[in-house]
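*Asks:* Take a look at this one; I'll ask things after.
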2 protein chains.
Amino acid sequence: MYPVAEDHNLKMSDKPTTIYDIAAQLNLSAATVSRALKNDPKVKGHTKKKVLKAASEMGYQKNWSAQSLRTQKSNIIGVIVPRLNSHFMSAVISGAERIANKQGYHLIISQSEELVEKEIANATTMFSHRVDGLLVSLAYNTPDLHHFDDFFRKKIPLIFFDRIPSNTAISSIKINNTEAAYTATQHLIQEGCMRILHVTANTNYHVYLERFTGYKKALEDHHLPFSNSLLLFNDLSHDAGKIVAKTILEMNPLPDGIFFANDNCATGCMLVLKQAGVRIPEDIAIVGFNNDPVATIIEPHLSSISYNGDAIGQMAVQVLLDQLENDPNRKPFQVILQSELIIRASSKRQMSPSNPVE
Amino acid sequence: MYPVAEDHNLKMSDKPTTIYDIAAQLNLSAATVSRALKNDPKVKGHTKKKVLKAASEMGYQKNWSAQSLRTQKSNIIGVIVPRLNSHFMSAVISGAERIANKQGYHLIISQSEELVEKEIANATTMFSHRVDGLLVSLAYNTPDLHHFDDFFRKKIPLIFFDRIPSNTAISSIKINNTEAAYTATQHLIQEGCMRILHVTANTNYHVYLERFTGYKKALEDHHLPFSNSLLLFNDLSHDAGKIVAKTILEMNPLPDGIFFANDNCATGCMLVLKQAGVRIPEDIAIVGFNNDPVATIIEPHLSSISYNGDAIGQMAVQVLLDQLENDPNRKPFQVILQSELIIRASSKRQMSPSNPVE
DNA sequence: TTGTAGGCGTTATCAA
DNA sequence: TTGATAACGCCTACAA
């Protein structure tokens, strides 16, 4: 029950209750109240109970700014990402928030919108908010990491994920892009494809470079020729997929397999190819990347590389807090999460009753 | 250029620079430095320049906790949502963050995961972080708003969006669900549908109740009979859509139109209906809600109600900051954003050359 | 135009 | 086991 006014009308202002208010109420010192609230073993059990009771009755809530100022610790984890509105990023943040919250931390989130200047500004603000750690997925053309120097200098845990720098002296979490791309391409080869296109974005993006590398290696290992004419670049949007389809339809000979660096673009392309009478997977087998929800909407359903953004977010916060609380001098490390090729109808040419298409 | 050590080796610790450091460096008082940094007109232009220069050289960054403690203002806006991982929520947050950032504010984000207890805990933490304002989309079964009392009492701007309370004494932003549902249903009627199902979630959710209301009103206005047998309830997931399709296929007579309360469920259902030989839109015309990316992947493309999450997020922060900075005593208000019916092939029966299907 | 001084709420140190 | 006190970094009367 919330106490009525006459219970403790020493103080009727609308200002938040502080430990001093509680102390006054109980004829204790603020120091003792503070200790009781933190469950300090030096406080007598009886006192502790009294304080907790009064705190709850008086609606006490800790002032985080004061605590943060005093302890130099904010209980806030900063997150800087290029954009928030992708399926993947939402999942990462969702997972990260859940774990952080469970451990008493909160997330401050900002978007660089792929602009280095914004990323720099965000890093500065995060620092002046005294975040206890920082999770970063880099903007497209971030040239160096000087804007994170403050964090290195003060040994504030800093972990990159997904869009990571190519510097192994820095902690990062990512998926095995190269291997995943290799698996995807190999799968197409095993389905009988001989002339496999790769549609991707600018390979300045580390992730796309890696996917390309895996694709190329698979071709080599299976003695298929690679040439630049097999590579198509765009921004990997759905509409770009529609456009790239037209380019493909004009090829002679047609490719018999396509490995897309994301699902979004793959589905756009598939719609147009189908309209033009191309049979998928018989004429052209297709594999995407990301396993977005669209993969099981498009017909035929799209084979794709599946990785769990939520798990990446959880892992990122987990290792960050572990480093923060248990191992401040932890050396830089690389975590590589495994992904999985989900085979669906878009690439499965030999169907058997025991192996039905999803 | 970053100054080398000998330039100002008064201070070589790795602790962050404070206004006192700057003051000492320049033989000024901390007060003057503070004022200069805030661009106070009372500071002489020359002094101001000196301070700014020194601040930048010494790598000064404001300590937000200290500022927040002193001014009782955090420059942080809290956001509480049920889940972060929907297309809609990501868009809202993305829009909100952009506008907030532009005005020097940051977002702390937390998920209630549809649990009242977590929502309460989140609200408490937000309050003790002294957020300057709060944006909330309610959990499914939040029974009352007592956990926001602190905010009302301290007149901290509190704005609900999407999942809003049914109390008009409270500020909120939402879309015109009822009207949108009416439009969608009416469209189906105009396409010749006589027996229109409505697939929705538990109508305890305000948004779904409104959509149902609009649907029902459209039937009434067009003298079509309504009965409970036309209503199907599920969790609106993709898989639930597949299941509901089986229920529908067993109906006799079949419906000739379906209005889904989201696209996710609609697409799941469409896949199964098509497999069973139902022609869309000839046998059954379909309209969804949300205009998710999947709407233009499914074949035929799905007619849907489109509304802009990014815009809702922008608007929410805009009005919140406006209230905070310009009009603290603003009365509760309701903003209703317009949505739009996008007509695609899934519901368009009469095709004409001048009006091609998207 | 600048300086002095006190306080925002908490915690850590030292003393009792 | 508890209390007094100072300090975290900043802002703002008030004084100069």
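Following the order of the structure tokens, chains are lettered A, B, ..., residues in each are numbered from 1, and ligands are numbered from 1.
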For the contact check between chain C and chain B, emit one row per residue of chain C within 8 Å, containing the shortest atom pair and the distance in Å rounded to one decimal, counting only C-alpha atoms (C1' of nucleotides), chain then rising number order, as CSV.

*Replies:*
```
residue,atom,partner,partner_atom,distance
C:DT1,C1',B:Val43,CA,6.2
C:DT2,C1',B:Thr32,CA,6.6
C:DG3,C1',B:Ser29,CA,6.4
C:DC8,C1',B:Arg70,CA,4.5
C:DG9,C1',B:Leu69,CA,7.6
```

*Asks:* Enumerate, as a PyMOL selection string, the complete set of residues in stretch 166-266 of chain B that a backbone-based DSSP assignment places in alpha helix (DSSP H).

*Replies:* chain B and resi 177-190+206-221+238-249+263-266

*Asks:* Return as a PyMOL selection string the residues belonging to chain D that are within 10 Å of chain B, counting only C-alpha atoms (C1' of nucleotides).

*Replies:* chain D and resi 8-12

*Asks:* Grab the residues selected above and save them as an mmCIF file, in the first residue's frame with C-alpha atoms (C1' of nucleotides).

*Replies:*
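That gives us result_6.cif:
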```cif
data_model
loop_
_atom_site.group_PDB
_atom_site.id
_atom_site.type_symbol
_atom_site.label_atom_id
_atom_site.label_comp_id
_atom_site.auth_asym_id
_atom_site.auth_seq_id
_atom_site.Cartn_x
_atom_site.Cartn_y
_atom_site.Cartn_z
ATOM 1 C "C1'" DC D 8 32.803 13.299 -8.380
ATOM 2 C "C1'" DG D 9 32.105 17.712 -12.526
ATOM 3 C "C1'" DC D 10 29.112 21.020 -13.512
ATOM 4 C "C1'" DC D 11 26.062 25.134 -13.149
ATOM 5 C "C1'" DT D 12 24.291 29.431 -11.241
#
```

*Asks:* Go through chain B residue by residue and, counting only C-alpha atoms, keep those with an atom at most 8 Å from chain A; for each kept residue give the shortest atom pair and its distance in Å to one decimal, ordered by chain and increasing number, as a tab-separated table.

*Replies:*
```
residue	atom	partner	partner_atom	distance
B:Asp14	CA	A:Lys154	CA	7.0
B:Gln61	CA	A:Ser128	CA	5.6
B:Lys62	CA	A:Ser128	CA	5.7
B:Asn63	CA	A:Ser128	CA	5.3
B:Trp64	CA	A:His129	CA	5.3
B:Ser65	CA	A:Ser65	CA	4.6
B:Ala66	CA	A:Leu69	CA	5.8
B:Ser68	CA	A:Ser65	CA	6.2
B:Leu69	CA	A:Ser65	CA	5.4
B:Arg83	CA	A:Ser94	CA	7.4
B:Leu84	CA	A:Ser94	CA	5.5
B:Asn85	CA	A:Ser90	CA	5.0
B:Ser86	CA	A:Ser90	CA	7.5
B:His87	CA	A:His87	CA	6.9
B:Ser90	CA	A:Asn85	CA	4.9
B:Ala91	CA	A:Asn85	CA	5.5
B:Ile93	CA	A:Leu84	CA	7.5
B:Ser94	CA	A:Leu84	CA	5.5
B:Glu97	CA	A:Ser110	CA	6.6
B:Arg98	CA	A:Gln111	CA	7.5
B:Asn101	CA	A:Ser110	CA	7.8
B:His106	CA	A:Ile108	CA	7.0
B:Leu107	CA	A:Ile108	CA	5.7
B:Ile108	CA	A:Ile108	CA	4.7
B:Ile109	CA	A:Leu107	CA	6.1
B:Ser110	CA	A:Glu97	CA	6.6
B:Gln111	CA	A:Glu97	CA	7.4
B:Thr124	CA	A:Gln61	CA	7.7
B:Phe127	CA	A:Gln61	CA	7.9
B:Ser128	CA	A:Asn63	CA	5.3
B:His129	CA	A:Trp64	CA	5.3
B:Arg130	CA	A:Asn63	CA	7.4
B:Arg153	CA	A:Asp14	CA	7.5
B:Lys154	CA	A:Asp14	CA	7.0
B:Thr267	CA	A:Ile297	CA	6.9
B:Gly268	CA	A:Ile297	CA	7.6
B:Leu271	CA	A:Ile297	CA	7.6
B:Pro293	CA	A:Val294	CA	7.9
B:Val294	CA	A:Val294	CA	5.9
B:Ile297	CA	A:Ile298	CA	5.8
B:Ile298	CA	A:Ile298	CA	5.8
B:Glu299	CA	A:Ile298	CA	7.7
```

*Asks:* What does the file look like for those residues with N, CA and C atoms, as a tab-separated table (two decimals), in the first residue's frame?

*Replies:*
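Result file is out.tsv:
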```
chain	number	residue	atom	x	y	z
B	14	ASP	N	45.53	10.07	-17.24
B	14	ASP	CA	44.60	9.62	-18.27
B	14	ASP	C	43.17	9.92	-17.87
B	61	GLN	N	35.59	16.75	-22.97
B	61	GLN	CA	34.25	16.28	-23.28
B	61	GLN	C	33.39	16.44	-22.04
B	62	LYS	N	32.27	17.06	-22.24
B	62	LYS	CA	31.37	17.31	-21.12
B	62	LYS	C	31.01	16.03	-20.40
B	63	ASN	N	30.95	16.08	-19.11
B	63	ASN	CA	30.49	14.95	-18.33
B	63	ASN	C	28.98	15.05	-18.14
B	64	TRP	N	28.28	14.18	-18.83
B	64	TRP	CA	26.82	14.27	-18.84
B	64	TRP	C	26.22	13.97	-17.47
B	65	SER	N	26.83	13.09	-16.74
B	65	SER	CA	26.28	12.76	-15.44
B	65	SER	C	26.32	13.98	-14.54
B	66	ALA	N	27.44	14.67	-14.57
B	66	ALA	CA	27.57	15.85	-13.73
B	66	ALA	C	26.55	16.90	-14.16
B	68	SER	N	23.84	16.42	-15.75
B	68	SER	CA	22.51	15.95	-15.47
B	68	SER	C	22.17	16.07	-13.99
B	69	LEU	N	23.13	15.77	-13.15
B	69	LEU	CA	22.91	15.88	-11.71
B	69	LEU	C	22.63	17.32	-11.32
B	83	ARG	N	8.44	-5.11	-28.19
B	83	ARG	CA	9.53	-5.84	-28.85
B	83	ARG	C	10.20	-4.94	-29.86
B	84	LEU	N	11.47	-5.21	-30.05
B	84	LEU	CA	12.24	-4.39	-30.99
B	84	LEU	C	12.31	-5.01	-32.37
B	85	ASN	N	11.89	-6.24	-32.50
B	85	ASN	CA	12.27	-6.93	-33.72
B	85	ASN	C	11.20	-6.98	-34.80
B	86	SER	N	10.31	-6.02	-34.82
B	86	SER	CA	9.39	-5.97	-35.95
B	86	SER	C	9.81	-4.85	-36.90
B	87	HIS	N	9.43	-5.02	-38.13
B	87	HIS	CA	9.71	-4.02	-39.14
B	87	HIS	C	9.21	-2.66	-38.67
B	90	SER	N	11.28	-1.12	-35.59
B	90	SER	CA	12.59	-0.65	-36.01
B	90	SER	C	12.47	0.69	-36.71
B	91	ALA	N	11.46	0.78	-37.55
B	91	ALA	CA	11.28	2.02	-38.30
B	91	ALA	C	10.96	3.17	-37.36
B	93	ILE	N	11.78	3.50	-34.21
B	93	ILE	CA	12.96	3.85	-33.43
B	93	ILE	C	13.98	4.57	-34.29
B	94	SER	N	14.10	4.09	-35.50
B	94	SER	CA	15.04	4.73	-36.41
B	94	SER	C	14.67	6.20	-36.61
B	97	GLU	N	15.20	8.19	-33.31
B	97	GLU	CA	16.61	8.44	-32.99
B	97	GLU	C	17.16	9.58	-33.84
B	98	ARG	N	16.80	9.59	-35.09
B	98	ARG	CA	17.33	10.61	-35.99
B	98	ARG	C	16.96	12.01	-35.51
B	101	ASN	N	18.57	12.85	-32.01
B	101	ASN	CA	19.99	13.11	-32.17
B	101	ASN	C	20.24	14.50	-32.72
B	106	HIS	N	19.43	11.78	-26.67
B	106	HIS	CA	19.72	10.38	-26.96
B	106	HIS	C	18.59	9.49	-26.48
B	107	LEU	N	18.58	8.29	-27.04
B	107	LEU	CA	17.51	7.35	-26.73
B	107	LEU	C	18.03	6.21	-25.86
B	108	ILE	N	17.35	5.96	-24.76
B	108	ILE	CA	17.57	4.73	-24.02
B	108	ILE	C	16.39	3.82	-24.33
B	109	ILE	N	16.68	2.62	-24.72
B	109	ILE	CA	15.62	1.76	-25.22
B	109	ILE	C	15.48	0.52	-24.37
B	110	SER	N	14.26	0.14	-24.09
B	110	SER	CA	14.06	-1.13	-23.40
B	110	SER	C	12.81	-1.84	-23.89
B	111	GLN	N	12.84	-3.13	-23.77
B	111	GLN	CA	11.72	-3.95	-24.25
B	111	GLN	C	10.96	-4.52	-23.06
B	124	THR	N	10.36	2.30	-14.04
B	124	THR	CA	11.07	2.74	-12.84
B	124	THR	C	12.50	3.14	-13.17
B	127	PHE	N	12.73	6.33	-15.00
B	127	PHE	CA	12.53	7.47	-14.11
B	127	PHE	C	13.80	7.78	-13.33
B	128	SER	N	14.44	6.75	-12.84
B	128	SER	CA	15.61	7.02	-12.01
B	128	SER	C	16.82	7.42	-12.88
B	129	HIS	N	16.71	7.19	-14.15
B	129	HIS	CA	17.72	7.75	-15.06
B	129	HIS	C	17.39	9.21	-15.35
B	130	ARG	N	16.29	9.67	-14.80
B	130	ARG	CA	15.85	11.05	-15.01
B	130	ARG	C	15.70	11.39	-16.49
B	153	ARG	N	3.27	13.00	-12.24
B	153	ARG	CA	3.43	13.87	-11.09
B	153	ARG	C	4.52	14.92	-11.35
B	154	LYS	N	5.62	14.47	-11.92
B	154	LYS	CA	6.71	15.41	-12.18
B	154	LYS	C	6.56	16.11	-13.53
B	267	THR	N	0.25	-13.60	-45.73
B	267	THR	CA	1.11	-14.30	-46.69
B	267	THR	C	1.17	-15.80	-46.39
B	268	GLY	N	1.22	-16.15	-45.11
B	268	GLY	CA	1.22	-17.57	-44.76
B	268	GLY	C	-0.03	-18.25	-45.29
B	271	LEU	N	-0.06	-18.65	-49.21
B	271	LEU	CA	0.76	-19.75	-49.74
B	271	LEU	C	-0.02	-21.06	-49.72
B	293	PRO	N	7.50	-5.46	-46.17
B	293	PRO	CA	8.21	-5.80	-47.41
B	293	PRO	C	7.66	-7.06	-48.08
B	294	VAL	N	7.18	-8.01	-47.29
B	294	VAL	CA	6.68	-9.25	-47.88
B	294	VAL	C	5.51	-9.01	-48.83
B	297	ILE	N	6.51	-9.37	-52.28
B	297	ILE	CA	7.24	-10.59	-52.62
B	297	ILE	C	6.25	-11.70	-52.94
B	298	ILE	N	5.21	-11.78	-52.14
B	298	ILE	CA	4.20	-12.79	-52.35
B	298	ILE	C	3.53	-12.59	-53.72
B	299	GLU	N	3.12	-13.71	-54.30
B	299	GLU	CA	2.42	-13.59	-55.58
B	299	GLU	C	1.02	-14.18	-55.45
```
